[in-house]
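Working notes for the structure below.
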Amino acid sequence: MFHTILMITLAVMSISLFVCFIRTVIGPSMPDRIVALDALGINLIGFIGILMIVQETIAYSEVILVISILAFIGTIALSKFIERGVVFDRD
Amino acid sequence: MTAIEIILSIFILLGAFLSLLGSIGLIRFPDVYGRTHAATKSATLGVISIMVATFLFFLLIEGLFVGKILLAILFVFLTAPVAALMIGRSAYRTGVPLWEKSVQDDLKEVYEKKLNEPQ
């Protein structure tokens with residue numbers, strides 16, 4: 001029963017990842033794509049968390065940390081880049 | 001199905017439901033500000049719920065205290081509002097329009113006044 005719930009949840013998370021990917025592709029403006037990529041990274045963290053429960057391993061805990069840090073840094077860098085044209089500004 | 005598994009199932013189903021709600025909001029809302037609202041509130045709470053369930057699974061069933069999962073929860077909790085703020089500010093400053101049925105834009109006059117005054 002618990003395994004069935006985990007499989008259903010994996011399917012639901014896959015659907016939400018796919019929807020985020022659709023918004024990344026069709027997004028009319030550039031901030032739409034950045035929002036969708038940020039949400040995709042956050043949903044990927046939940047997906048890997050459920051995968052850890054299914055496989056009963058803690059080997060993916062570093063993967064979760066690295067994905068969360070990379071999603072945050074990528075969001076900040078892309079939004080600063082489309083705002084001013086540079087990532088690091090000196091003023 | 002033991003009591004621990006029932007509690008874990010509640011957390012996991014709630015998290016998946018909130019993540020799905022965030023994605024539906026991301027595809028259904030009309031402009032980028034509404035999409036930011038959907039994607040960074042409900043998806044963040046859903047992921048935090050799923051990670052709490054993962055932490056409780058390893059703590060109660062496997063008997064392992066995994067501090068890195070707690071660190072990931074704290075990091076997502078701290079960085080999602082900052083990311084939403086940066087995206088919203090860059091979208092407003094690069095001139096992404098609001099939805100045409102929006103009734104109020106309080107930032108517009110303040111922002112124009114700040115642009116027009118000399119440095």
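To be explicit about the labels: the chains of the structure tokens are called A, B, and onward in the order shown, and within each one the residues are counted from 1, while ligands get numbers from 1 in the order they are shown.
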message = Using only C-alpha atoms, which protein or nucleic acid residues come within 8 Å of Ile34 (chain A)? Drop anything in the same chain fewer than 3 positions from it, and give the result as number ranges by chain.
response = A: 24, 30-31, 37-38, 75, 78-79; B: 87
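The residue set within 8 Å of Thr9 (chain A), counting only C-alpha atoms and dropping same-chain residues fewer than 5 places from it, reads A:Ile50, B:Ile12, B:Leu13, B:Ala16.
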Chain A near chain B within 9 Å: what's each residue's closest atom pair and its distance in Å to one decimal, counting only C-alpha atoms, ordered by chain then ascending residue number, as CSV?
residue,atom,partner,partner_atom,distance
A:Met1,CA,B:Met1,CA,7.0
A:Phe2,CA,B:Glu5,CA,6.7
A:Ile5,CA,B:Ser9,CA,7.0
A:Leu6,CA,B:Ile12,CA,7.8
A:Ile8,CA,B:Leu13,CA,8.9
A:Thr9,CA,B:Ala16,CA,6.0
A:Leu10,CA,B:Ala16,CA,8.3
A:Val12,CA,B:Ala16,CA,6.4
A:Met13,CA,B:Ala16,CA,6.2
A:Ile15,CA,B:Leu20,CA,7.5
A:Ser16,CA,B:Leu20,CA,5.2
A:Leu17,CA,B:Ser23,CA,7.7
A:Phe18,CA,B:Ser23,CA,8.9
A:Val19,CA,B:Ser23,CA,6.1
A:Cys20,CA,B:Ser23,CA,6.1
A:Ile22,CA,B:Ile27,CA,8.0
A:Arg23,CA,B:Ile27,CA,6.2
A:Ser29,CA,B:Val96,CA,7.3
A:Met30,CA,B:Ala91,CA,8.2
A:Pro31,CA,B:Ala91,CA,5.8
A:Asp32,CA,B:Val32,CA,5.7
A:Ile34,CA,B:Ile87,CA,7.4
A:Val35,CA,B:Thr36,CA,6.2
A:Ala36,CA,B:Leu26,CA,7.3
A:Asp38,CA,B:Ala83,CA,8.1
A:Ala39,CA,B:Ala39,CA,5.7
A:Leu40,CA,B:Ser23,CA,8.9
A:Ile42,CA,B:Val47,CA,6.9
A:Asn43,CA,B:Val47,CA,6.8
A:Leu44,CA,B:Val47,CA,9.0
A:Ile45,CA,B:Val47,CA,7.0
A:Gly46,CA,B:Val47,CA,5.0
A:Phe47,CA,B:Val47,CA,8.7
A:Gly49,CA,B:Met51,CA,6.1
A:Ile50,CA,B:Thr54,CA,7.1
A:Met52,CA,B:Thr54,CA,7.4
A:Ile53,CA,B:Thr54,CA,6.3
A:Glu56,CA,B:Phe58,CA,8.1
A:Thr57,CA,B:Phe58,CA,8.8
A:Ile58,CA,B:Val66,CA,7.8
A:Ser61,CA,B:Lys68,CA,6.2
A:Glu62,CA,B:Lys68,CA,7.2
A:Ile64,CA,B:Ala72,CA,6.8
A:Leu65,CA,B:Ala72,CA,5.5
A:Ser68,CA,B:Val76,CA,6.7
A:Ile69,CA,B:Phe75,CA,7.9
A:Phe72,CA,B:Ala83,CA,6.6
A:Ile73,CA,B:Ala83,CA,8.8
A:Thr75,CA,B:Ala83,CA,6.3
A:Ile76,CA,B:Ala83,CA,6.3
A:Leu78,CA,B:Ile87,CA,8.7
A:Ser79,CA,B:Ile87,CA,5.6
A:Lys80,CA,B:Ser90,CA,6.9
A:Phe81,CA,B:Ser90,CA,8.8
A:Ile82,CA,B:Ser90,CA,6.9
A:Glu83,CA,B:Ser90,CA,4.9
A:Arg84,CA,B:Ser90,CA,8.5
inquiry  = According to DSSP computed on the backbone, where in chain B is there helix (DSSP H, G or I)? Give the residues as a PyMOL selection string.
reply    = chain B and resi 3-28+32-62+67-93+106-116
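In this model, the gap between CA of Leu74 (chain B) and CA of Gly34 (chain B) comes to 24.8 Å.
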Between CA of Phe29 (chain B) and CA of Trp99 (chain B) - distance in Å to one decimal =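 Value for the CA of Trp99 (chain B)-CA of Phe29 (chain B) distance: 9.4 Å.
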